[in-house]
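J.: target-v3.cif is reproduced in full below (mmCIF, C-alpha atoms (C1' of nucleotides)).
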```cif
data_protein
loop_
_atom_site.label_atom_id
_atom_site.label_comp_id
_atom_site.auth_asym_id
_atom_site.auth_seq_id
_atom_site.Cartn_x
_atom_site.Cartn_y
_atom_site.Cartn_z
CA MET A 1 18.02 -22.78 6.51
CA SER A 2 15.58 -22.62 9.39
CA LEU A 3 12.09 -24.07 9.21
CA LEU A 4 10.65 -20.85 10.55
CA LYS A 5 12.33 -18.74 7.89
CA ASP A 6 10.76 -20.97 5.24
CA LYS A 7 7.40 -20.76 6.93
CA ILE A 8 7.58 -16.96 7.02
CA LEU A 9 8.51 -16.84 3.34
CA LEU A 10 5.65 -19.19 2.49
CA VAL A 11 3.05 -17.25 4.47
CA ALA A 12 4.29 -13.89 3.18
CA THR A 13 4.14 -15.12 -0.42
CA ASP A 14 0.54 -16.17 0.02
CA LEU A 15 -0.56 -13.03 1.87
CA PHE A 16 1.19 -10.70 -0.56
CA HIS A 17 -0.71 -12.29 -3.42
CA THR A 18 -4.11 -12.51 -1.78
CA ARG A 19 -4.11 -9.13 0.02
CA GLY A 20 -1.43 -7.11 -1.75
CA ILE A 21 2.09 -6.32 -0.55
CA ASN A 22 1.55 -2.88 0.94
CA SER A 23 -1.69 -3.99 2.54
CA THR A 24 -0.04 -6.84 4.41
CA GLY A 25 1.61 -5.86 7.68
CA VAL A 26 4.39 -7.83 9.34
CA ASP A 27 2.08 -8.35 12.33
CA THR A 28 -0.32 -10.27 10.10
CA ILE A 29 2.49 -12.33 8.63
CA VAL A 30 3.90 -13.44 11.99
CA ALA A 31 0.41 -14.14 13.35
CA VAL A 32 -0.43 -16.43 10.43
CA ALA A 33 3.03 -18.02 10.48
CA GLY A 34 2.63 -18.66 14.20
CA THR A 35 5.71 -16.80 15.34
CA THR A 36 6.74 -13.31 16.49
CA LYS A 37 8.15 -10.16 14.98
CA MET A 38 11.47 -10.71 16.78
CA THR A 39 11.97 -13.91 14.83
CA LEU A 40 10.94 -12.34 11.53
CA TYR A 41 13.42 -9.50 11.99
CA LYS A 42 16.14 -12.00 12.91
CA TYR A 43 15.90 -13.49 9.43
CA PHE A 44 14.98 -10.37 7.48
CA ASN A 45 16.52 -6.99 8.23
CA THR A 46 13.54 -5.06 6.88
CA LYS A 47 10.16 -5.72 5.31
CA GLU A 48 11.70 -4.68 2.00
CA GLN A 49 14.27 -7.48 2.34
CA LEU A 50 11.45 -9.95 3.03
CA ILE A 51 9.60 -8.79 -0.09
CA ILE A 52 12.76 -9.20 -2.17
CA GLU A 53 13.39 -12.73 -0.92
CA VAL A 54 9.76 -13.66 -1.53
CA LEU A 55 10.04 -12.43 -5.14
CA GLN A 56 13.34 -14.24 -5.69
CA LYS A 57 12.05 -17.52 -4.29
CA SER A 58 8.80 -17.34 -6.29
CA GLN A 59 10.62 -16.80 -9.56
CA GLN A 60 13.24 -19.45 -8.77
CA ASP A 61 10.56 -22.01 -7.96
CA PHE A 62 8.67 -21.30 -11.18
CA GLN A 63 11.79 -21.31 -13.32
CA SER A 64 13.03 -24.58 -11.78
CA TRP A 65 9.66 -26.22 -12.30
CA LEU A 66 9.57 -25.05 -15.93
CA ASP A 67 13.17 -26.13 -16.62
CA GLU A 68 12.41 -29.56 -15.25
CA LYS A 69 9.26 -29.94 -17.35
CA LEU A 70 11.03 -28.81 -20.52
CA SER A 71 14.13 -30.95 -20.06
CA SER A 72 12.37 -34.14 -19.00
CA ASN A 73 9.48 -34.08 -21.49
CA THR A 74 11.09 -32.50 -24.52
CA LYS A 75 14.46 -33.81 -25.59
CA LYS A 76 15.14 -31.87 -28.78
CA PRO A 77 16.03 -28.21 -27.99
CA ALA A 78 14.37 -27.03 -31.20
CA ASP A 79 11.00 -28.38 -30.04
CA LYS A 80 10.99 -26.84 -26.59
CA ILE A 81 9.44 -23.52 -27.55
CA GLN A 82 6.51 -25.44 -29.07
CA HIS A 83 5.59 -26.82 -25.66
CA LEU A 84 6.36 -23.76 -23.55
CA PHE A 85 2.74 -22.66 -23.29
CA ASP A 86 1.58 -26.21 -22.53
CA TYR A 87 3.55 -26.06 -19.30
CA ILE A 88 2.59 -22.46 -18.61
CA GLU A 89 -1.05 -23.50 -18.98
CA GLU A 90 -0.49 -26.40 -16.61
CA TRP A 91 1.11 -24.07 -14.10
CA VAL A 92 -1.60 -21.40 -14.35
CA ASN A 93 -4.37 -23.99 -14.04
CA SER A 94 -2.79 -25.67 -11.03
CA SER A 95 -4.33 -24.92 -7.67
CA ALA A 96 -0.98 -23.56 -6.49
CA PHE A 97 -1.13 -20.65 -8.96
CA ILE A 98 -1.64 -17.31 -7.28
CA GLY A 99 -0.21 -14.94 -9.86
CA VAL A 100 3.14 -13.68 -11.07
CA GLY A 101 5.07 -11.89 -8.36
CA PHE A 102 7.06 -9.46 -10.43
CA ILE A 103 3.98 -8.16 -12.26
CA LYS A 104 2.24 -7.24 -9.05
CA ALA A 105 5.37 -5.92 -7.39
CA SER A 106 6.12 -3.55 -10.25
CA ALA A 107 2.58 -2.18 -9.99
CA GLU A 108 2.85 -1.61 -6.25
CA PHE A 109 6.34 -0.10 -6.51
CA PRO A 110 6.32 1.96 -9.71
CA ASN A 111 9.31 4.14 -8.81
CA GLU A 112 12.22 3.06 -10.99
CA GLU A 113 14.74 3.86 -8.26
CA ASN A 114 13.07 1.46 -5.85
CA ALA A 115 14.95 -1.79 -5.15
CA ILE A 116 11.80 -3.90 -5.45
CA HIS A 117 10.90 -2.32 -8.77
CA LYS A 118 14.43 -2.93 -10.05
CA LEU A 119 14.22 -6.59 -9.11
CA SER A 120 10.80 -6.99 -10.79
CA SER A 121 12.16 -5.38 -13.92
CA LEU A 122 15.17 -7.71 -13.88
CA GLN A 123 13.02 -10.80 -13.45
CA SER A 124 10.77 -9.80 -16.33
CA ARG A 125 13.85 -9.24 -18.52
CA GLU A 126 15.41 -12.56 -17.49
CA PHE A 127 12.27 -14.48 -18.31
CA ARG A 128 12.15 -12.84 -21.72
CA GLN A 129 15.78 -13.84 -22.30
CA PHE A 130 14.93 -17.38 -21.32
CA ILE A 131 12.21 -17.49 -23.99
CA SER A 132 14.59 -15.89 -26.46
CA LYS A 133 17.06 -18.71 -25.93
CA LEU A 134 14.35 -21.27 -26.67
CA ALA A 135 13.54 -19.35 -29.86
CA THR A 136 17.18 -19.27 -30.87
CA ASP A 137 17.45 -23.03 -30.33
CA ALA A 138 14.48 -23.40 -32.67
CA ASN A 139 16.42 -21.47 -35.36
CA ILE A 140 14.05 -18.54 -35.25
CA LYS A 141 15.48 -15.42 -36.83
CA ASP A 142 14.05 -12.61 -34.73
CA ALA A 143 14.27 -14.56 -31.49
CA ASP A 144 14.13 -11.47 -29.30
CA GLY A 145 11.06 -10.16 -31.08
CA LEU A 146 9.15 -13.41 -30.72
CA ALA A 147 10.27 -13.71 -27.09
CA LEU A 148 8.91 -10.26 -26.37
CA GLN A 149 5.58 -11.13 -27.98
CA LEU A 150 5.28 -14.41 -26.08
CA SER A 151 6.16 -12.69 -22.82
CA LEU A 152 3.37 -10.18 -23.41
CA LEU A 153 0.93 -13.04 -23.87
CA PHE A 154 2.29 -14.75 -20.78
CA GLU A 155 2.11 -11.68 -18.57
CA GLY A 156 -1.26 -10.66 -19.92
CA ALA A 157 -2.73 -14.11 -19.41
CA ALA A 158 -1.29 -14.53 -15.92
CA GLN A 159 -2.75 -11.18 -14.97
CA ALA A 160 -6.15 -11.98 -16.50
CA GLU A 161 -6.35 -15.45 -14.94
CA GLN A 162 -5.52 -14.02 -11.57
CA MET A 163 -8.03 -11.21 -12.00
CA LYS A 164 -10.71 -13.77 -12.78
CA ARG A 165 -10.00 -17.48 -12.54
CA GLY A 166 -11.24 -19.63 -15.40
CA SER A 167 -11.46 -16.65 -17.75
CA GLY A 168 -10.01 -18.78 -20.54
CA ALA A 169 -7.19 -16.29 -20.98
CA ILE A 170 -4.44 -18.87 -20.84
CA LYS A 171 -6.19 -21.10 -23.38
CA TYR A 172 -6.41 -18.29 -25.92
CA ALA A 173 -2.89 -17.08 -25.08
CA LYS A 174 -1.67 -20.57 -25.96
CA LYS A 175 -3.50 -20.49 -29.30
CA ALA A 176 -2.05 -17.05 -30.09
CA ALA A 177 1.42 -18.25 -29.11
CA LYS A 178 1.16 -21.17 -31.53
CA ILE A 179 0.21 -18.85 -34.38
CA LEU A 180 3.09 -16.48 -33.62
CA ILE A 181 5.64 -19.30 -33.23
CA ASP A 182 4.54 -21.02 -36.45
CA GLY A 183 4.71 -17.71 -38.26
CA ALA A 184 8.21 -16.99 -36.95
CA ILE A 185 9.48 -20.45 -37.93
CA LYS A 186 8.32 -20.03 -41.52
CA GLN A 187 10.43 -16.89 -41.95
CA PRO A 188 13.43 -17.42 -44.30
CA MET B 28 -18.10 20.60 -11.62
CA SER B 29 -15.62 22.51 -9.49
CA LEU B 30 -12.14 23.39 -10.68
CA LEU B 31 -10.68 22.07 -7.46
CA LYS B 32 -12.37 18.72 -7.79
CA ASP B 33 -10.84 18.37 -11.25
CA LYS B 34 -7.47 19.43 -9.95
CA ILE B 35 -7.62 16.85 -7.17
CA LEU B 36 -8.59 14.14 -9.63
CA LEU B 37 -5.75 15.14 -11.95
CA VAL B 38 -3.13 15.20 -9.21
CA ALA B 39 -4.36 11.94 -7.67
CA THR B 40 -4.24 10.22 -11.07
CA ASP B 41 -0.65 11.25 -11.54
CA LEU B 42 0.48 10.37 -8.02
CA PHE B 43 -1.29 7.02 -8.02
CA HIS B 44 0.58 6.07 -11.17
CA THR B 45 4.00 7.37 -10.22
CA ARG B 46 4.03 6.31 -6.55
CA GLY B 47 1.33 3.66 -6.30
CA ILE B 48 -2.16 3.99 -4.88
CA ASN B 49 -1.61 2.66 -1.37
CA SER B 50 1.67 4.55 -1.09
CA THR B 51 0.00 7.89 -1.80
CA GLY B 52 -1.61 9.56 1.20
CA VAL B 53 -4.36 12.14 0.98
CA ASP B 54 -2.03 14.64 2.66
CA THR B 55 0.34 14.36 -0.31
CA ILE B 56 -2.51 14.75 -2.78
CA VAL B 57 -3.88 17.93 -1.24
CA ALA B 58 -0.38 19.39 -0.83
CA VAL B 59 0.42 18.89 -4.52
CA ALA B 60 -3.05 20.05 -5.58
CA GLY B 61 -2.61 23.16 -3.46
CA THR B 62 -5.67 22.68 -1.28
CA THR B 63 -6.67 21.10 2.01
CA LYS B 64 -8.09 17.83 3.25
CA MET B 65 -11.37 19.52 4.14
CA THR B 66 -11.93 20.33 0.49
CA LEU B 67 -10.93 16.88 -0.68
CA TYR B 68 -13.38 15.26 1.71
CA LYS B 69 -16.09 17.66 0.59
CA TYR B 70 -15.90 16.20 -2.92
CA PHE B 71 -15.00 12.62 -2.05
CA ASN B 72 -16.52 10.83 0.92
CA THR B 73 -13.56 8.52 1.33
CA LYS B 74 -10.20 7.82 -0.25
CA GLU B 75 -11.76 4.72 -1.81
CA GLN B 76 -14.32 6.93 -3.56
CA LEU B 77 -11.52 9.13 -4.89
CA ILE B 78 -9.69 6.08 -6.24
CA ILE B 79 -12.88 4.88 -7.93
CA GLU B 80 -13.50 8.23 -9.60
CA VAL B 81 -9.88 8.42 -10.74
CA LEU B 82 -10.20 4.99 -12.36
CA GLN B 83 -13.51 5.87 -14.01
CA LYS B 84 -12.22 9.14 -15.41
CA SER B 85 -8.99 7.57 -16.71
CA GLN B 86 -10.84 4.86 -18.57
CA GLN B 87 -13.46 7.28 -19.90
CA ASP B 88 -10.77 9.63 -21.20
CA PHE B 89 -8.93 6.82 -22.96
CA GLN B 90 -12.06 5.31 -24.42
CA SER B 91 -13.29 8.70 -25.69
CA TRP B 92 -9.93 9.45 -27.27
CA LEU B 93 -9.89 6.04 -28.94
CA ASP B 94 -13.50 6.31 -30.16
CA GLU B 95 -12.73 9.68 -31.69
CA LYS B 96 -9.61 8.42 -33.47
CA LEU B 97 -11.42 5.37 -34.83
CA SER B 98 -14.52 7.21 -36.01
CA SER B 99 -12.75 10.18 -37.59
CA ASN B 100 -9.87 8.34 -39.28
CA THR B 101 -11.53 5.07 -40.27
CA LYS B 102 -14.91 5.23 -41.91
CA LYS B 103 -15.60 1.60 -42.74
CA PRO B 104 -16.47 -0.37 -39.56
CA ALA B 105 -14.85 -3.51 -40.96
CA ASP B 106 -11.48 -1.75 -41.16
CA LYS B 107 -11.43 -0.35 -37.65
CA ILE B 108 -9.88 -3.36 -35.96
CA GLN B 109 -6.97 -3.13 -38.42
CA HIS B 110 -6.03 0.27 -37.03
CA LEU B 111 -6.75 -0.33 -33.37
CA PHE B 112 -3.12 -0.93 -32.44
CA ASP B 113 -1.97 2.08 -34.47
CA TYR B 114 -3.89 4.30 -32.09
CA ILE B 115 -2.93 2.28 -29.04
CA GLU B 116 0.70 2.73 -30.07
CA GLU B 117 0.16 6.45 -30.50
CA TRP B 118 -1.40 6.63 -27.06
CA VAL B 119 1.32 4.58 -25.35
CA ASN B 120 4.07 6.59 -27.01
CA SER B 121 2.51 9.93 -26.09
CA SER B 122 4.10 11.80 -23.24
CA ALA B 123 0.78 11.72 -21.38
CA PHE B 124 0.91 7.92 -21.06
CA ILE B 125 1.45 6.80 -17.49
CA GLY B 126 -0.01 3.31 -17.55
CA VAL B 127 -3.36 1.57 -17.46
CA GLY B 128 -5.25 2.28 -14.28
CA PHE B 129 -7.26 -0.89 -13.94
CA ILE B 130 -4.20 -3.12 -14.32
CA LYS B 131 -2.40 -1.47 -11.45
CA ALA B 132 -5.51 -1.18 -9.30
CA SER B 133 -6.30 -4.88 -9.60
CA ALA B 134 -2.75 -5.67 -8.47
CA GLU B 135 -2.98 -3.39 -5.46
CA PHE B 136 -6.47 -4.59 -4.50
CA PRO B 137 -6.48 -8.32 -5.26
CA ASN B 138 -9.44 -9.17 -3.05
CA GLU B 139 -12.39 -9.98 -5.31
CA GLU B 140 -14.87 -8.56 -2.79
CA ASN B 141 -13.18 -5.17 -2.86
CA ALA B 142 -15.07 -2.40 -4.68
CA ILE B 143 -11.93 -1.16 -6.44
CA HIS B 144 -11.07 -4.65 -7.63
CA LYS B 145 -14.59 -5.13 -8.92
CA LEU B 146 -14.40 -1.90 -10.91
CA SER B 147 -11.00 -2.84 -12.39
CA SER B 148 -12.38 -6.19 -13.39
CA LEU B 149 -15.40 -4.55 -15.01
CA GLN B 150 -13.25 -2.08 -16.96
CA SER B 151 -11.03 -4.86 -18.26
CA ARG B 152 -14.12 -6.80 -19.35
CA GLU B 153 -15.69 -3.75 -21.00
CA PHE B 154 -12.57 -3.01 -23.00
CA ARG B 155 -12.48 -6.61 -24.19
CA GLN B 156 -16.12 -6.31 -25.27
CA PHE B 157 -15.27 -3.14 -27.15
CA ILE B 158 -12.59 -5.00 -29.11
CA SER B 159 -15.00 -7.88 -29.65
CA LYS B 160 -17.46 -5.51 -31.29
CA LEU B 161 -14.76 -4.28 -33.67
CA ALA B 162 -13.98 -7.91 -34.51
CA THR B 163 -17.65 -8.66 -35.12
CA ASP B 164 -17.91 -5.65 -37.44
CA ALA B 165 -14.96 -7.09 -39.37
CA ASN B 166 -16.92 -10.35 -39.86
CA ILE B 167 -14.55 -12.33 -37.71
CA LYS B 168 -15.98 -15.63 -36.55
CA ASP B 169 -14.51 -16.09 -33.08
CA ALA B 170 -14.71 -12.41 -32.23
CA ASP B 171 -14.55 -12.99 -28.48
CA GLY B 172 -11.49 -15.19 -28.81
CA LEU B 173 -9.59 -12.68 -30.91
CA ALA B 174 -10.66 -9.86 -28.58
CA LEU B 175 -9.27 -11.76 -25.61
CA GLN B 176 -5.98 -12.31 -27.39
CA LEU B 177 -5.67 -8.68 -28.43
CA SER B 178 -6.50 -7.53 -24.92
CA LEU B 179 -3.71 -9.73 -23.55
CA LEU B 180 -1.29 -8.06 -25.96
CA PHE B 181 -2.62 -4.65 -25.02
CA GLU B 182 -2.40 -5.20 -21.28
CA GLY B 183 0.97 -6.92 -21.52
CA ALA B 184 2.41 -4.14 -23.67
CA ALA B 185 1.02 -1.34 -21.53
CA GLN B 186 2.50 -3.00 -18.47
CA ALA B 187 5.88 -3.55 -20.14
CA GLU B 188 6.07 -0.02 -21.54
CA GLN B 189 5.29 1.41 -18.17
CA MET B 190 7.82 -0.86 -16.48
CA LYS B 191 10.47 0.35 -18.88
CA ARG B 192 9.74 3.11 -21.39
CA GLY B 193 10.94 2.54 -24.92
CA SER B 194 11.15 -1.21 -24.43
CA GLY B 195 9.67 -1.73 -27.88
CA ALA B 196 6.86 -3.77 -26.36
CA ILE B 197 4.09 -1.85 -28.10
CA LYS B 198 5.81 -2.13 -31.48
CA TYR B 199 6.00 -5.92 -31.25
CA ALA B 200 2.51 -6.14 -29.75
CA LYS B 201 1.26 -4.34 -32.84
CA LYS B 202 3.05 -6.79 -35.13
CA ALA B 203 1.61 -9.73 -33.20
CA ALA B 204 -1.85 -8.18 -33.34
CA LYS B 205 -1.62 -7.88 -37.12
CA ILE B 206 -0.71 -11.56 -37.46
CA LEU B 207 -3.57 -12.65 -35.20
CA ILE B 208 -6.12 -10.41 -36.93
CA ASP B 209 -5.06 -11.52 -40.42
CA GLY B 210 -5.25 -15.14 -39.29
CA ALA B 211 -8.71 -14.66 -37.85
CA ILE B 212 -10.01 -12.96 -40.98
CA LYS B 213 -8.88 -15.83 -43.21
CA GLN B 214 -10.98 -18.31 -41.21
CA PRO B 215 -13.99 -19.63 -43.21
"C1'" DA C 29 26.88 -27.94 35.11
"C1'" DA C 30 27.75 -23.88 32.22
"C1'" DC C 31 26.90 -22.04 27.78
"C1'" DT C 32 25.04 -21.10 23.38
"C1'" DT C 33 21.25 -20.92 20.15
"C1'" DA C 34 16.52 -20.37 18.77
"C1'" DG C 35 12.49 -18.67 19.86
"C1'" DT C 36 8.67 -16.38 22.85
"C1'" DA C 37 6.10 -12.64 25.10
"C1'" DT C 38 5.20 -8.11 25.50
"C1'" DA C 39 5.61 -3.45 25.54
"C1'" DC C 40 6.59 0.59 23.18
"C1'" DA C 41 8.78 4.49 20.40
"C1'" DG C 42 7.94 7.04 16.38
"C1'" DA C 43 5.96 7.76 12.19
"C1'" DA C 44 2.20 7.83 8.82
"C1'" DC C 45 -2.48 7.54 7.56
"C1'" DT C 46 -7.65 8.38 7.32
"C1'" DG C 47 -11.14 11.16 8.62
"C1'" DT C 48 -13.30 14.98 11.60
"C1'" DA C 49 -14.09 19.25 14.41
"C1'" DT C 50 -13.75 24.14 14.86
"C1'" DA C 51 -13.05 28.68 13.58
"C1'" DC C 52 -11.85 31.91 10.10
"C1'" DT C 53 -11.81 34.18 5.18
"C1'" DT C 54 -13.31 35.33 0.71
"C1'" DT C 55 -16.61 36.02 -2.84
"C1'" DG C 56 -20.72 36.17 -5.25
"C1'" DT C 57 -25.74 37.07 -4.69
"C1'" DA C 58 -30.54 38.44 -3.14
"C1'" DT D 12 -26.27 44.91 3.78
"C1'" DA D 13 -27.19 40.28 5.05
"C1'" DC D 14 -26.48 35.74 3.69
"C1'" DA D 15 -24.86 31.58 1.69
"C1'" DA D 16 -21.29 28.91 -0.62
"C1'" DA D 17 -16.57 27.61 -1.21
"C1'" DG D 18 -12.38 27.25 0.61
"C1'" DT D 19 -8.55 27.81 4.24
"C1'" DA D 20 -5.92 26.85 8.47
"C1'" DT D 21 -5.00 23.97 12.02
"C1'" DA D 22 -5.41 20.79 15.41
"C1'" DC D 23 -6.35 16.24 16.67
"C1'" DA D 24 -8.60 11.60 17.60
"C1'" DG D 25 -7.85 6.98 16.53
"C1'" DT D 26 -5.68 3.49 14.11
"C1'" DT D 27 -2.04 1.02 11.91
"C1'" DC D 28 2.56 0.30 10.65
"C1'" DT D 29 7.71 -0.66 11.01
"C1'" DG D 30 11.22 -1.67 13.87
"C1'" DT D 31 13.44 -2.18 18.65
"C1'" DA D 32 14.26 -3.12 23.68
"C1'" DT D 33 13.94 -6.17 27.48
"C1'" DA D 34 13.26 -10.22 29.88
"C1'" DC D 35 12.14 -14.87 29.73
"C1'" DT D 36 12.04 -20.15 28.18
"C1'" DA D 37 13.56 -24.43 26.18
"C1'" DA D 38 16.79 -27.43 24.18
"C1'" DG D 39 20.87 -29.07 22.76
"C1'" DT D 40 26.16 -29.05 23.29
"C1'" DT D 41 30.64 -29.11 25.34
#
```
Here is the file; what I need is its structure written in the form of structure tokens.

T.:
Amino acid sequence: MSLLKDKILLVATDLFHTRGINSTGVDTIVAVAGTTKMTLYKYFNTKEQLIIEVLQKSQQDFQSWLDEKLSSNTKKPADKIQHLFDYIEEWVNSSAFIGVGFIKASAEFPNEENAIHKLSSLQSREFRQFISKLATDANIKDADGLALQLSLLFEGAAQAEQMKRGSGAIKYAKKAAKILIDGAIKQP
Amino acid sequence: MSLLKDKILLVATDLFHTRGINSTGVDTIVAVAGTTKMTLYKYFNTKEQLIIEVLQKSQQDFQSWLDEKLSSNTKKPADKIQHLFDYIEEWVNSSAFIGVGFIKASAEFPNEENAIHKLSSLQSREFRQFISKLATDANIKDADGLALQLSLLFEGAAQAEQMKRGSGAIKYAKKAAKILIDGAIKQP
DNA sequence: AACTTAGTATACAGAACTGTATACTTTGTA
DNA sequence: TACAAAGTATACAGTTCTGTATACTAAGTT
């Protein structure tokens, strides 16, 4: 993979989050990335394709980071869900945090037939399934139900923290998650 | 207030939600509303002003509907927070539900200096304060904390339901809300 | 030395978008 | 009947946006 392609992806990710996707033109992206439109369109057929790759890379990076944290710091599978929001908090509070791509993308592309909307929807579903697996490993009965609840807290907190940094949203989301997880574990 | 102004506001609200704000041109709005740009710009100085009035009206309508439900169906102030998510569920499941304006607007206008972003941020804060008052009336100690948690569930569920209707998000948000409220009430 | 690959520079076609200017029509009112 | 208010019809100025065409440069490879 070319250095310039990576640079374009990096710059586009940042601009999409700070200015919005539809409000960011390819001219701005290439200017900030220090290249030209010809090069951008060599790597990405359309702006839509660029948006899709930005979303995929963002989610992959987050998921990889989270997997690594969970597998290296928490050995027992049943304990992993207990620490999920610790790592989410760490991620949200890090200076690198700029928001959750699929949340914003689904707001900017609400049409369900749109390829970007479909991808956002898929990523949201996949993340929920990931949490559900953690819940299943912890012997939680209604794993899907708890996963849905935790994903609501996650998405809500990410949105709130990005709307106003230091709002304390993630701290209270973590507390709520603990209550919900403890409650789900005590079920027969 | 003119009938046409109302019609424009109604059409714009719908189009903004179904196609996105930035993706909806004023030409489309006037075409669907059955009028002309001259009339639109007679009532709204700029497109930004139209967006702002759409957001204000949407939030006002929701808040009025909710106030009415709470005051007519639940007499004791201490019980109101118990039924909050019943009405939110009713609202989300109604055919009129098309999403929460300030969530989408803050995603499309992420710049904190932007007037639309500022309004979205204010509306989110005001709704949280409204929940906090219900929590205070119910003699809950950390009313602000609970209000923040419930608002995360609300915003997460509204987002999820609008991403995919019938996802069950609101049903599980309601269950989670009940657990959090009951837990908060039992605090000394 | 000839060739390929990656990238630059620049201009531009074509569409879409916001906002305005101008002239006309309809309708209620003094 | 004269006038004012509300709205229509239409054209267009000016900008911005995506995507492409053309010609050039630089560097490594065979």

J.: With distances taken over all atoms listed in the file, which residue among B:Gln186, B:Asn49, B:Ser159, B:Gln150 lies nearest A:Phe102?

T.: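 Between B:Gln186, B:Asn49, B:Ser159, B:Gln150, the residue approaching A:Phe102 most closely is B:Gln186.
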
J.: Taking only C-alpha atoms (C1' of nucleotides) into account, what are the residues of chain C at most 9 Å from chain B, put as number ranges by chain?

T.: C: 44-48

J.: Given the file shown, determine the residues that the PyMOL selection byres ((chain C and resi 35) around 8) selects; report them as a PyMOL selection string.

T.: (chain A and resi 39) or (chain C and resi 34+36)

J.: Edge lengths and centre, in Å to one decimal, as lines of an AutoDock Vina configuration file: that's what I need for the box along x, y and z that holds all listed atoms of stretch 100-114 of chain A plus 8 Å on each side.

T.:
```
center_x = 8.5
center_y = -4.8
center_z = -9.1
size_x = 28.5
size_y = 33.8
size_z = 22.4
```

J.: Leaving out A:Ala115 and any residue of its chain fewer than 5 positions from it, which residues lie within 10 Å of it when counting only C-alpha atoms (C1' of nucleotides), given as a PDB file with C-alpha atoms, keeping the file's coordinate frame?

T.:
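The resulting selection.pdb:
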```pdb
ATOM      1  CA  GLU A  48      11.700  -4.680   2.000  1.00  0.00           C
ATOM      2  CA  GLN A  49      14.270  -7.480   2.340  1.00  0.00           C
ATOM      3  CA  ILE A  52      12.760  -9.200  -2.170  1.00  0.00           C
ATOM      4  CA  PHE A 109       6.340  -0.100  -6.510  1.00  0.00           C
ATOM      5  CA  SER A 120      10.800  -6.990 -10.790  1.00  0.00           C
ATOM      6  CA  SER A 121      12.160  -5.380 -13.920  1.00  0.00           C
TER       7      SER A 121
END
```

J.: Considering only C-alpha atoms, give me a table of residues in chain B that are at most 6 Å from chain A, with the closest atom pair and distance in Å for each, as JSON lines.

T.:
```
{"residue": "B:Thr45", "atom": "CA", "partner": "A:Pro110", "partner_atom": "CA", "distance": 5.9}
{"residue": "B:Arg46", "atom": "CA", "partner": "A:Pro110", "partner_atom": "CA", "distance": 5.8}
{"residue": "B:Gly47", "atom": "CA", "partner": "A:Glu108", "partner_atom": "CA", "distance": 5.5}
{"residue": "B:Lys131", "atom": "CA", "partner": "A:Ala107", "partner_atom": "CA", "distance": 5.2}
{"residue": "B:Ala134", "atom": "CA", "partner": "A:Lys104", "partner_atom": "CA", "distance": 5.3}
{"residue": "B:Glu135", "atom": "CA", "partner": "A:Gly20", "partner_atom": "CA", "distance": 5.5}
{"residue": "B:Pro137", "atom": "CA", "partner": "A:Arg19", "partner_atom": "CA", "distance": 5.8}
{"residue": "B:Leu179", "atom": "CA", "partner": "A:Gly156", "partner_atom": "CA", "distance": 4.5}
{"residue": "B:Leu180", "atom": "CA", "partner": "A:Leu152", "partner_atom": "CA", "distance": 5.7}
{"residue": "B:Glu182", "atom": "CA", "partner": "A:Gly156", "partner_atom": "CA", "distance": 5.7}
{"residue": "B:Gly183", "atom": "CA", "partner": "A:Leu152", "partner_atom": "CA", "distance": 4.5}
```

J.: So how far away is atom CA of A:Asp86 from atom CA of A:Lys69, in Å?

T.: 10.0 Å

J.: For stretch 114-122 of chain A, which lacks atoms in the input, supply N, CA and C atoms and format the output as a PDB file, in the frame of the given file.

T.:
```
ATOM      1  N   ASN A 114      13.355   2.375  -6.954  1.00  0.00           N
ATOM      2  CA  ASN A 114      13.070   1.460  -5.850  1.00  0.00           C
ATOM      3  C   ASN A 114      13.685   0.072  -6.091  1.00  0.00           C
ATOM      4  N   ALA A 115      14.262  -0.495  -5.026  1.00  0.00           N
ATOM      5  CA  ALA A 115      14.950  -1.790  -5.150  1.00  0.00           C
ATOM      6  C   ALA A 115      14.002  -2.900  -5.580  1.00  0.00           C
ATOM      7  N   ILE A 116      12.772  -2.870  -5.085  1.00  0.00           N
ATOM      8  CA  ILE A 116      11.800  -3.900  -5.450  1.00  0.00           C
ATOM      9  C   ILE A 116      11.415  -3.771  -6.915  1.00  0.00           C
ATOM     10  N   HIS A 117      11.217  -2.525  -7.358  1.00  0.00           N
ATOM     11  CA  HIS A 117      10.900  -2.320  -8.770  1.00  0.00           C
ATOM     12  C   HIS A 117      12.046  -2.808  -9.660  1.00  0.00           C
ATOM     13  N   LYS A 118      13.270  -2.491  -9.254  1.00  0.00           N
ATOM     14  CA  LYS A 118      14.430  -2.930 -10.050  1.00  0.00           C
ATOM     15  C   LYS A 118      14.474  -4.444 -10.170  1.00  0.00           C
ATOM     16  N   LEU A 119      14.206  -5.129  -9.070  1.00  0.00           N
ATOM     17  CA  LEU A 119      14.220  -6.590  -9.110  1.00  0.00           C
ATOM     18  C   LEU A 119      13.115  -7.129 -10.029  1.00  0.00           C
ATOM     19  N   SER A 120      11.912  -6.562  -9.921  1.00  0.00           N
ATOM     20  CA  SER A 120      10.800  -6.990 -10.790  1.00  0.00           C
ATOM     21  C   SER A 120      11.180  -6.837 -12.251  1.00  0.00           C
ATOM     22  N   SER A 121      11.759  -5.682 -12.556  1.00  0.00           N
ATOM     23  CA  SER A 121      12.160  -5.380 -13.920  1.00  0.00           C
ATOM     24  C   SER A 121      13.187  -6.394 -14.411  1.00  0.00           C
ATOM     25  N   LEU A 122      14.137  -6.720 -13.545  1.00  0.00           N
ATOM     26  CA  LEU A 122      15.170  -7.710 -13.880  1.00  0.00           C
ATOM     27  C   LEU A 122      14.562  -9.080 -14.141  1.00  0.00           C
TER      28      LEU A 122
END
```
